[in-house]
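S.K.: Below you'll find my_file33.csv; it's CSV, C-alpha atoms and all ligand atoms.
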chain,number,residue,atom,x,y,z
Y,151,MET,CA,106.1,82.7,121.7
Y,152,ASN,CA,109.1,83.5,124.0
Y,153,LYS,CA,111.9,81.8,122.2
Y,154,GLY,CA,114.9,83.3,124.0
Y,155,SER,CA,116.2,86.8,123.9
Y,156,ALA,CA,115.9,88.9,120.8
Y,157,SER,CA,117.0,92.4,120.0
Y,158,LEU,CA,116.5,95.1,117.5
Y,159,ARG,CA,119.1,97.6,116.3
Y,160,LEU,CA,118.0,100.8,114.7
Y,161,ILE,CA,120.7,101.3,112.1
Y,162,SER,CA,118.8,103.9,110.0
Y,163,GLY,CA,115.3,105.2,109.5
Y,164,VAL,CA,114.3,106.1,113.1
Y,165,GLY,CA,114.6,109.6,114.6
Y,166,LYS,CA,114.7,111.3,111.2
Y,167,LYS,CA,113.8,110.6,107.6
Y,168,GLY,CA,116.4,108.4,106.1
Y,169,PRO,CA,117.1,105.1,104.4
Y,170,ALA,CA,115.4,102.1,106.1
Y,171,CYS,CA,117.8,99.6,107.7
Y,172,PHE,CA,117.3,97.6,110.9
Y,173,LEU,CA,118.9,94.5,112.4
Y,174,ILE,CA,117.2,91.8,114.5
Y,175,GLU,CA,119.3,89.3,116.4
Y,176,ALA,CA,117.4,86.2,117.5
Y,177,GLY,CA,118.2,82.5,118.0
Y,178,GLY,CA,121.8,83.1,117.0
Y,179,LYS,CA,120.7,84.6,113.7
Y,180,ARG,CA,121.2,88.1,112.4
Y,181,LEU,CA,118.5,89.3,110.0
Y,182,LEU,CA,118.7,92.7,108.3
Y,183,LEU,CA,115.4,94.4,107.5
Y,184,ASP,CA,115.5,96.5,104.4
Y,185,LEU,CA,118.6,98.2,103.0
Y,186,GLY,CA,117.6,101.5,101.5
Y,187,GLU,CA,119.2,104.6,99.9
Y,188,GLY,CA,118.1,108.1,100.7
Y,189,PRO,CA,116.4,110.4,101.3
Y,190,PRO,CA,118.3,112.5,100.5
Y,191,PRO,CA,119.7,110.8,97.4
Y,192,GLY,CA,123.0,109.1,97.9
Y,193,LEU,CA,122.6,108.7,101.7
Y,194,MET,CA,123.4,105.1,102.7
Y,195,PRO,CA,122.9,103.4,106.1
Y,196,ASP,CA,126.1,103.1,108.1
Y,197,VAL,CA,126.8,99.4,108.1
Y,198,ALA,CA,130.6,99.6,108.3
Y,199,ASP,CA,130.8,98.0,111.7
Y,200,LEU,CA,127.9,95.6,111.3
Y,201,GLY,CA,129.9,92.5,110.3
Y,202,ARG,CA,128.3,89.5,108.7
Y,203,VAL,CA,124.5,89.1,108.6
Y,204,ASP,CA,122.6,85.9,107.8
Y,205,ALA,CA,119.9,87.3,105.6
Y,206,LEU,CA,118.4,90.5,104.2
Y,207,ILE,CA,114.6,90.7,104.2
Y,208,LEU,CA,112.9,93.3,102.0
Y,209,SER,CA,109.5,94.8,102.7
Y,210,HIS,CA,108.9,96.5,99.3
Y,211,GLY,CA,110.7,97.8,96.3
Y,212,HIS,CA,111.0,101.5,97.0
Y,213,LYS,CA,114.5,103.0,96.8
Y,214,ASP,CA,114.6,104.1,100.5
Y,215,HIS,CA,114.1,100.4,101.3
Y,216,VAL,CA,116.1,98.5,98.6
Y,217,GLY,CA,118.5,101.1,97.1
Y,218,GLY,CA,121.5,100.1,99.3
Y,219,LEU,CA,122.0,96.6,97.9
Y,220,GLU,CA,125.6,97.5,96.9
Y,221,LEU,CA,126.4,97.3,100.6
Y,222,LEU,CA,125.8,93.6,100.7
Y,223,ASN,CA,129.4,92.8,99.8
Y,224,GLY,CA,130.5,94.3,103.1
Y,225,LEU,CA,127.9,92.2,105.0
Y,226,GLY,CA,129.1,88.7,103.8
Y,227,ASN,CA,126.7,88.6,100.8
Y,228,PRO,CA,123.8,87.1,102.7
Y,229,PRO,CA,120.7,85.6,100.9
Y,230,VAL,CA,118.1,88.2,100.0
Y,231,TYR,CA,114.4,87.4,100.8
Y,232,ALA,CA,111.7,89.3,98.9
Y,233,THR,CA,108.3,88.7,97.3
Y,234,GLU,CA,108.3,87.7,93.6
Y,235,ILE,CA,107.1,91.1,92.5
Y,236,VAL,CA,109.7,93.0,94.5
Y,237,ALA,CA,112.5,90.5,93.4
Y,238,ARG,CA,111.7,91.2,89.8
Y,239,GLY,CA,112.7,94.8,90.3
Y,240,LEU,CA,116.1,94.0,91.9
Y,241,PRO,CA,119.4,93.9,90.0
Y,242,GLU,CA,119.9,90.7,88.0
Y,243,SER,CA,122.9,89.7,90.2
Y,244,ILE,CA,120.5,89.2,93.2
Y,245,ALA,CA,118.9,85.7,93.2
Y,246,ALA,CA,116.2,86.3,95.8
Y,247,GLN,CA,114.5,83.7,98.0
Y,248,GLU,CA,110.8,84.1,97.7
Y,249,LEU,CA,108.6,85.4,100.5
Y,250,PRO,CA,104.8,85.0,100.2
Y,251,VAL,CA,102.6,88.1,99.7
Y,252,GLY,CA,100.5,86.8,102.5
Y,253,GLY,CA,100.9,83.8,104.7
Y,254,GLN,CA,103.5,81.9,106.7
Y,255,THR,CA,107.0,81.0,105.9
Y,256,ASP,CA,110.3,80.2,107.5
Y,257,VAL,CA,113.5,82.3,107.3
Y,258,LEU,CA,116.6,80.4,108.7
Y,259,GLY,CA,114.4,78.6,111.3
Y,260,ILE,CA,112.4,81.7,112.3
Y,261,ALA,CA,108.7,81.6,111.7
Y,262,VAL,CA,107.6,84.6,109.6
Y,263,THR,CA,104.1,85.7,108.7
Y,264,THR,CA,103.5,88.3,106.0
Y,265,GLY,CA,100.5,90.3,104.7
Y,266,ARG,CA,100.0,92.9,102.0
Y,267,ASN,CA,100.9,96.5,103.0
Y,268,GLY,CA,98.4,98.6,100.9
Y,269,HIS,CA,101.3,100.7,99.7
Y,270,ALA,CA,103.1,99.2,96.7
Y,271,PRO,CA,103.0,96.2,94.3
Y,272,GLY,CA,104.5,93.1,96.1
Y,273,GLY,CA,104.8,95.1,99.3
Y,274,ILE,CA,104.4,93.3,102.7
Y,275,TRP,CA,104.6,93.7,106.4
Y,276,LEU,CA,106.4,91.0,108.4
Y,277,HIS,CA,105.7,89.4,111.7
Y,278,PHE,CA,108.5,87.3,113.4
Y,279,ALA,CA,107.9,84.7,116.0
Y,280,ILE,CA,110.7,85.9,118.2
Y,281,GLY,CA,110.7,87.3,121.8
Y,282,GLY,CA,107.1,88.3,122.5
Y,283,GLY,CA,106.4,88.6,118.8
Y,284,PHE,CA,107.8,91.3,116.6
Y,285,LEU,CA,106.0,93.3,113.8
Y,286,TYR,CA,107.8,95.3,111.1
Y,287,THR,CA,105.4,97.1,108.9
Y,288,GLY,CA,107.8,98.6,106.3
Y,289,ASP,CA,105.7,101.3,104.7
Y,290,TYR,CA,102.0,100.7,104.8
Y,291,SER,CA,98.6,102.3,104.3
Y,292,THR,CA,95.1,101.3,105.3
Y,293,GLU,CA,93.5,103.7,102.9
Y,294,SER,CA,94.6,102.8,99.4
Y,295,LYS,CA,91.7,102.3,96.9
Y,296,LEU,CA,94.1,100.3,94.7
Y,297,TYR,CA,96.5,98.3,96.8
Y,298,ALA,CA,95.2,95.7,99.3
Y,299,TYR,CA,96.0,95.9,103.0
Y,300,ASP,CA,95.8,92.9,105.3
Y,301,PRO,CA,95.6,93.9,108.9
Y,302,PRO,CA,97.9,91.7,111.0
Y,303,SER,CA,95.9,89.3,113.1
Y,304,MET,CA,98.6,88.2,115.5
Y,305,THR,CA,100.0,89.8,118.6
Y,306,ALA,CA,103.4,91.5,118.8
Y,307,ALA,CA,104.9,92.7,122.0
Y,308,SER,CA,107.2,94.9,120.0
Y,309,ALA,CA,106.3,96.8,116.8
Y,310,LEU,CA,108.5,98.8,114.4
Y,311,ILE,CA,105.9,100.9,112.7
Y,312,ASP,CA,105.8,103.2,109.7
Y,313,CYS,CA,105.0,106.6,111.2
Y,314,SER,CA,106.1,108.7,108.2
Y,315,TYR,CA,103.2,111.2,108.8
Y,316,GLY,CA,103.7,111.4,112.5
Y,317,ASP,CA,100.4,112.6,114.1
Y,318,TYR,CA,98.8,113.7,110.7
Y,319,ARG,CA,95.1,113.0,110.7
Y,320,THR,CA,93.5,114.0,107.3
Y,321,PRO,CA,91.8,111.0,105.5
Y,322,LEU,CA,92.6,110.2,101.9
Y,323,THR,CA,89.0,110.9,101.0
Y,324,GLN,CA,89.7,114.6,101.5
Y,325,CYS,CA,92.7,114.6,99.2
Y,326,TRP,CA,90.6,114.2,96.1
Y,327,ASP,CA,88.8,117.6,96.6
Y,328,LYS,CA,92.1,119.3,96.8
Y,329,LEU,CA,93.4,117.5,93.7
Y,330,ALA,CA,90.2,118.1,91.7
Y,331,ALA,CA,90.8,121.9,92.2
Y,332,PHE,CA,94.2,121.6,90.5
Y,333,VAL,CA,92.7,119.5,87.6
Y,334,GLU,CA,90.1,122.2,86.9
Y,335,ARG,CA,92.7,124.9,86.4
Y,336,GLY,CA,94.3,123.4,83.3
Y,337,PRO,CA,97.2,121.0,82.2
Y,338,LEU,CA,98.7,119.3,85.2
Y,339,LEU,CA,101.9,117.2,85.7
Y,340,LEU,CA,102.0,114.8,88.7
Y,341,PRO,CA,105.4,113.3,89.3
Y,342,ALA,CA,104.7,110.0,91.1
Y,343,PRO,CA,106.2,106.5,91.5
Y,344,PRO,CA,105.0,104.0,88.9
Y,345,ASN,CA,105.2,101.3,91.6
Y,346,GLY,CA,103.2,103.2,94.1
Y,347,ARG,CA,101.1,106.3,94.1
Y,348,GLY,CA,101.1,106.9,90.2
Y,349,PRO,CA,98.6,104.1,89.2
Y,350,GLU,CA,96.5,104.9,92.3
Y,351,ILE,CA,96.1,108.6,91.3
Y,352,ALA,CA,95.4,107.5,87.7
Y,353,LEU,CA,92.6,105.3,89.0
Y,354,GLU,CA,91.1,108.1,91.0
Y,355,PHE,CA,91.1,110.3,87.9
Y,356,MET,CA,89.3,107.6,85.9
Y,357,ARG,CA,86.7,107.1,88.6
Y,358,HIS,CA,86.0,110.8,88.6
Y,359,GLY,CA,85.5,110.9,84.8
Y,360,VAL,CA,88.7,112.7,83.9
Y,361,SER,CA,88.8,111.8,80.2
Y,362,GLU,CA,92.4,112.7,79.2
Y,363,ILE,CA,94.9,110.9,81.3
Y,364,PHE,CA,98.5,110.8,80.0
Y,365,VAL,CA,101.3,108.7,81.4
Y,366,ASP,CA,105.0,107.9,80.8
Y,367,ASP,CA,106.2,104.5,79.7
Y,368,ALA,CA,107.0,103.3,83.3
Y,369,THR,CA,103.5,104.1,84.6
Y,370,GLN,CA,101.9,102.5,81.5
Y,371,LYS,CA,103.9,99.3,82.1
Y,372,ALA,CA,103.0,99.3,85.8
Y,373,LEU,CA,99.3,99.6,84.9
Y,374,TRP,CA,99.6,96.6,82.5
Y,375,ARG,CA,101.3,94.6,85.2
Y,376,LEU,CA,98.8,95.5,87.9
Y,377,GLY,CA,96.0,94.3,85.7
Y,378,ASP,CA,97.9,91.1,85.0
Y,379,ILE,CA,100.8,89.5,86.9
Y,380,ASP,CA,100.8,91.9,89.8
Y,381,HIS,CA,97.0,91.6,90.5
Y,382,ILE,CA,97.7,89.8,93.8
Y,383,SER,CA,98.6,93.1,95.4
Y,384,LEU,CA,95.2,94.7,94.4
Y,385,ARG,CA,92.1,95.1,96.4
Y,386,ASP,CA,89.3,92.8,95.5
Y,387,GLY,CA,87.4,93.8,92.3
Y,388,VAL,CA,89.9,96.4,91.1
Y,389,ALA,CA,91.8,94.3,88.5
Y,390,THR,CA,89.2,94.8,85.7
Y,391,GLU,CA,89.1,98.5,86.3
Y,392,ILE,CA,92.9,98.6,86.1
Y,393,GLU,CA,92.9,96.7,82.8
Y,394,ARG,CA,90.4,99.3,81.5
Y,395,LEU,CA,92.6,102.1,82.8
Y,396,ALA,CA,95.7,100.6,81.2
Y,397,GLN,CA,93.9,100.6,77.8
Y,398,THR,CA,92.5,104.2,78.3
Y,399,VAL,CA,95.7,106.1,79.2
Y,400,LYS,CA,97.7,107.7,76.4
Y,401,PRO,CA,101.5,108.6,76.1
Y,402,ILE,CA,102.4,112.1,77.3
Y,403,ASP,CA,102.6,114.3,74.2
Y,404,GLY,CA,102.9,118.0,75.2
Y,405,ALA,CA,101.5,119.8,78.1
Y,406,ARG,CA,97.8,118.8,78.1
Y,407,GLY,CA,95.3,116.9,80.3
Y,408,VAL,CA,96.5,115.3,83.5
Y,409,MET,CA,99.9,113.7,83.2
Y,410,ILE,CA,101.4,111.2,85.6
Y,411,ALA,CA,105.0,110.2,85.3
Y,412,GLY,CA,108.0,108.9,87.3
Y,413,SER,CA,110.2,109.5,89.1
Y,414,ALA,CA,108.5,111.2,92.0
Y,415,ASP,CA,111.3,113.6,92.6
Y,416,GLY,CA,112.3,114.4,89.0
Y,417,ALA,CA,115.8,113.0,89.5
Y,418,SER,CA,115.4,110.3,87.0
Y,419,GLY,CA,112.9,108.8,84.5
Y,420,ALA,CA,110.5,110.8,82.3
Y,421,THR,CA,110.0,113.6,84.9
Y,422,LYS,CA,113.7,114.4,84.7
Y,423,LYS,CA,113.2,115.5,81.1
Y,424,LEU,CA,109.7,116.9,81.4
Y,425,LEU,CA,110.6,119.1,84.4
Y,426,ALA,CA,113.7,120.4,82.6
Y,427,ALA,CA,111.6,121.2,79.6
Y,428,TRP,CA,108.8,122.9,81.5
Y,429,GLU,CA,110.5,124.5,84.4
Y,430,HIS,CA,110.7,127.9,82.8
Y,431,GLN,CA,107.2,127.8,81.2
Y,432,SER,CA,104.0,128.7,82.9
Y,433,GLU,CA,102.2,125.5,81.9
Y,434,PRO,CA,101.6,122.8,82.9
Y,435,ALA,CA,101.0,123.2,86.6
Y,436,ILE,CA,103.3,120.8,88.5
Y,437,LEU,CA,102.1,119.1,91.6
Y,438,PHE,CA,104.2,116.9,94.0
Y,439,THR,CA,102.1,114.7,96.2
Y,440,GLY,CA,104.8,112.9,98.2
Y,441,TYR,CA,107.8,113.6,100.4
Y,442,VAL,CA,109.9,116.4,98.8
Y,443,ASN,CA,113.3,114.7,98.5
Y,444,PRO,CA,116.1,117.1,99.4
Y,445,THR,CA,118.6,118.1,96.6
Y,446,THR,CA,116.3,116.9,93.8
Y,447,PRO,CA,114.3,118.8,91.1
Y,448,ALA,CA,111.3,118.4,93.4
Y,449,GLU,CA,112.9,120.5,96.1
Y,450,ARG,CA,114.2,123.1,93.6
Y,451,LEU,CA,110.8,123.6,91.9
Y,452,THR,CA,108.9,123.7,95.1
Y,453,LYS,CA,111.3,126.3,96.6
Y,454,ASN,CA,111.3,128.5,93.6
Y,455,GLY,CA,107.5,128.5,93.4
Y,456,ARG,CA,107.2,126.7,90.0
Y,457,ALA,CA,105.7,123.6,91.6
Y,458,GLN,CA,103.2,123.1,94.4
Y,459,THR,CA,102.7,120.3,96.9
Y,460,MET,CA,99.8,118.5,98.5
Y,461,ARG,CA,99.9,115.2,100.3
Y,462,TRP,CA,98.3,112.1,98.8
Y,463,ASN,CA,98.2,109.6,101.7
Y,464,VAL,CA,100.3,106.5,101.2
Y,465,HIS,CA,101.3,106.1,104.8
Y,466,PRO,CA,99.2,105.7,108.0
Y,467,ARG,CA,97.3,108.5,109.8
Y,468,LEU,CA,97.6,108.7,113.5
Y,469,SER,CA,94.3,106.9,113.9
Y,470,ASP,CA,95.7,104.0,111.8
Y,471,THR,CA,98.8,103.9,114.0
Y,472,VAL,CA,96.7,103.8,117.2
Y,473,ALA,CA,94.4,101.0,115.8
Y,474,LEU,CA,97.4,98.9,114.8
Y,475,VAL,CA,99.2,99.2,118.1
Y,476,GLN,CA,96.0,98.3,119.9
Y,477,SER,CA,95.1,95.3,117.7
Y,478,VAL,CA,98.6,93.7,118.0
Y,479,LYS,CA,98.7,94.6,121.7
Y,480,ALA,CA,102.2,96.1,121.3
Y,481,ARG,CA,103.8,97.1,124.6
Y,482,THR,CA,106.9,98.6,122.9
Y,483,VAL,CA,106.5,100.8,119.8
Y,484,ILE,CA,109.3,102.1,117.7
Y,485,PRO,CA,108.0,104.8,115.3
Y,486,ALA,CA,110.0,104.8,112.0
Y,487,PHE,CA,110.5,107.2,109.2
Y,488,CYS,CA,109.6,110.4,111.0
Y,489,ASP,CA,111.4,113.1,112.9
Y,490,ARG,CA,112.2,112.8,116.6
Y,491,ALA,CA,110.1,115.9,117.2
Y,492,GLN,CA,107.0,113.6,116.6
Y,493,LEU,CA,107.9,111.4,119.6
Y,494,PRO,CA,105.9,113.3,122.3
Y,495,ALA,CA,102.7,113.3,120.2
Y,496,LEU,CA,103.0,109.7,119.3
Y,497,ALA,CA,103.8,108.6,122.8
Y,498,ALA,CA,100.7,110.5,124.1
Y,499,ALA,CA,98.5,108.8,121.5
Y,500,LEU,CA,99.9,105.3,122.0
Y,501,THR,CA,99.9,105.3,125.8
Y,502,PRO,CA,100.2,102.9,127.7
Y,503,ALA,CA,102.7,101.4,125.2
Y,504,ARG,CA,106.3,102.5,125.7
Y,505,VAL,CA,107.3,104.5,122.6
Y,506,THR,CA,111.0,104.8,121.9
Y,507,MET,CA,113.3,105.9,119.1
Y,508,ASP,CA,116.4,104.7,120.9
Y,509,GLY,CA,118.0,101.3,120.3
Y,510,PRO,CA,118.9,98.7,120.8
Y,511,VAL,CA,115.4,97.5,121.9
Y,512,GLU,CA,114.8,94.1,123.6
Y,513,ILE,CA,112.0,92.4,121.8
X,1,ZN,ZN,107.5,102.9,100.2
Starting from the file, lay out its structure as structure tokens.
Ligand SMILES: [Zn+2]

M.R.:
Amino acid sequence: MNKGSASLRLISGVGKKGPACFLIEAGGKRLLLDLGEGPPPGLMPDVADLGRVDALILSHGHKDHVGGLELLNGLGNPPVYATEIVARGLPESIAAQELPVGGQTDVLGIAVTTGRNGHAPGGIWLHFAIGGGFLYTGDYSTESKLYAYDPPSMTAASALIDCSYGDYRTPLTQCWDKLAAFVERGPLLLPAPPNGRGPEIALEFMRHGVSEIFVDDATQKALWRLGDIDHISLRDGVATEIERLAQTVKPIDGARGVMIAGSADGASGATKKLLAAWEHQSEPAILFTGYVNPTTPAERLTKNGRAQTMRWNVHPRLSDTVALVQSVKARTVIPAFCDRAQLPALAAALTPARVTMDGPVEI
């Protein structure tokens, strides 16, 4: 697979939580991987000195991976590559080139293999036939009961891997017990992304017999799409269950039952209004299940004690990271989306691979 030298620049997203943005240079081509915004909101990758790039490749549609598209002007307006589902969520001005949800394709003469990332509708990991093989996972999860994950079957001497949870080890199966305790106490609002954890948690409620599930418009639409045009991102056999779920949920109408709504941080969408209305009342309970985005309502309500937090796994545990590195036989691992303080623990777990958070990296 050695097709000349290739290198990886870590523009943003390694060493601390921040927008995803990486550059690979191989075979005379410059490919940007993701172009996110935040966390925290408004933080953009510093691409001022990057110059022209030949293509932007998107792993999935979450804001911290696609929110920086306004920066494309300064990068020579390169073509944007994304899966059909992710492309649908992009601004209308972007005419995306299609990437497969799973399979092989070609980006500017470079062979690229993709697979489903178990994390979001249309979300993929990408393998590039450059250097000794290079894997970029974007965000991924092996544990989702809703979204399908296709383990990469090829080798990659270098791997840029989602390590959002660092050396965290608790399996998703234990998350339900914790969540069930909240549900028993009374009305509960769960701010969650409609194109991610929201439908996943709704499915879990239905499977556990929770009869009153209320959702906002965005989550309702996401459920309809998952049962229909987005079913390619689902695990086998889940589509009919999702169709039933889409028919069962009701619109949020006052503080009752379990309520799932976007956005996850309360900065936009239905939760912006709901959190403002309920912040100074005792009900419903408010539970954040993802990363608490600084400077957002999620952070404010968590800090003032009105809301509580628990993690609902949508990223890999340490055991997933170790298994992935072993299966692709990576010799160099770049852990992404976690703090530099996680480096020693990850390096110890992934030995003998070289683990680094400093670029540029020869791949
Ligand atoms: Zn994501």

S.K.: Of the candidates Y:Ile274, Y:Leu200, Y:Leu451, Y:Val408, which shows the shortest atom-to-atom distance to ligand ZN 1 (chain X), using only C-alpha atoms and all ligand atoms?

M.R.: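 Using only C-alpha atoms and all ligand atoms, the shortest distance to ligand ZN 1 (chain X) belongs to Y:Ile274.
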
S.K.: Could you give me, as a ChimeraX atom specification, the residues within 12 Å of stretch 468-472 of chain Y, counting only C-alpha atoms and dropping anything in the same chain fewer than 4 positions from it?

M.R.: /Y:287,289-293,299,301,309-321,463-464,476-480,483-486,492,495-503,505

S.K.: Please find the residues contacting ligand ZN 1 (chain X) at a distance of at most 8 Å between atoms, with all atoms listed in the file counted, and report them as an MDAnalysis selection string.

M.R.: chainID Y and resid 210:215 269:270 288:290 346

S.K.: Excluding stretch 239-247 of chain Y and any residue of its chain fewer than 3 positions from it, enumerate the residues within 9 Å of it, using all atoms listed in the file, and give them as a list of chain:residue names.

M.R.: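 Neighbouring residues, sequence-local ones excluded: Y:Gly211, Y:Val216, Y:Leu219, Y:Pro229, Y:Val230, Y:Tyr231, Y:Ala232, Y:Thr233, Y:Glu234, Y:Ile235, Y:Val236.
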
S.K.: Just how far from atom CA of Y:Leu373 is atom CA of Y:Ile392, in Å to one decimal?

M.R.: 6.6 Å

S.K.: Could you state the separation of atom CA of Y:Ile260 and atom CA of Y:Ala170 in Å, given to one decimal place?

M.R.: 21.5 Å

S.K.: In Å to one decimal, how far is atom CA of Y:Gly265 from atom CA of Y:Asp386?

M.R.: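 A separation of 14.7 Å between them.
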
S.K.: Would you pick out the contacts of stretch 393-400 of chain Y at 6 Å or less, using all atoms listed in the file, so that residues sharing its chain but fewer than 4 positions from it are not included, and give the list as number ranges by chain?

M.R.: Y: 363-364, 373-374, 377

S.K.: How about saving the chosen residues, C-alpha atoms kept, as a CSV table (one decimal), in the coordinates of the input?

M.R.:
chain,number,residue,atom,x,y,z
Y,363,ILE,CA,94.9,110.9,81.3
Y,364,PHE,CA,98.5,110.8,80.0
Y,373,LEU,CA,99.3,99.6,84.9
Y,374,TRP,CA,99.6,96.6,82.5
Y,377,GLY,CA,96.0,94.3,85.7

S.K.: Give me the residues near Y:Asp204 as a PyMOL selection string, where near means some atom within 8 Å (using all atoms listed in the file) and where sequence neighbours in that chain fewer than 3 positions away do not count.

M.R.: chain Y and resi 179-182+228-229
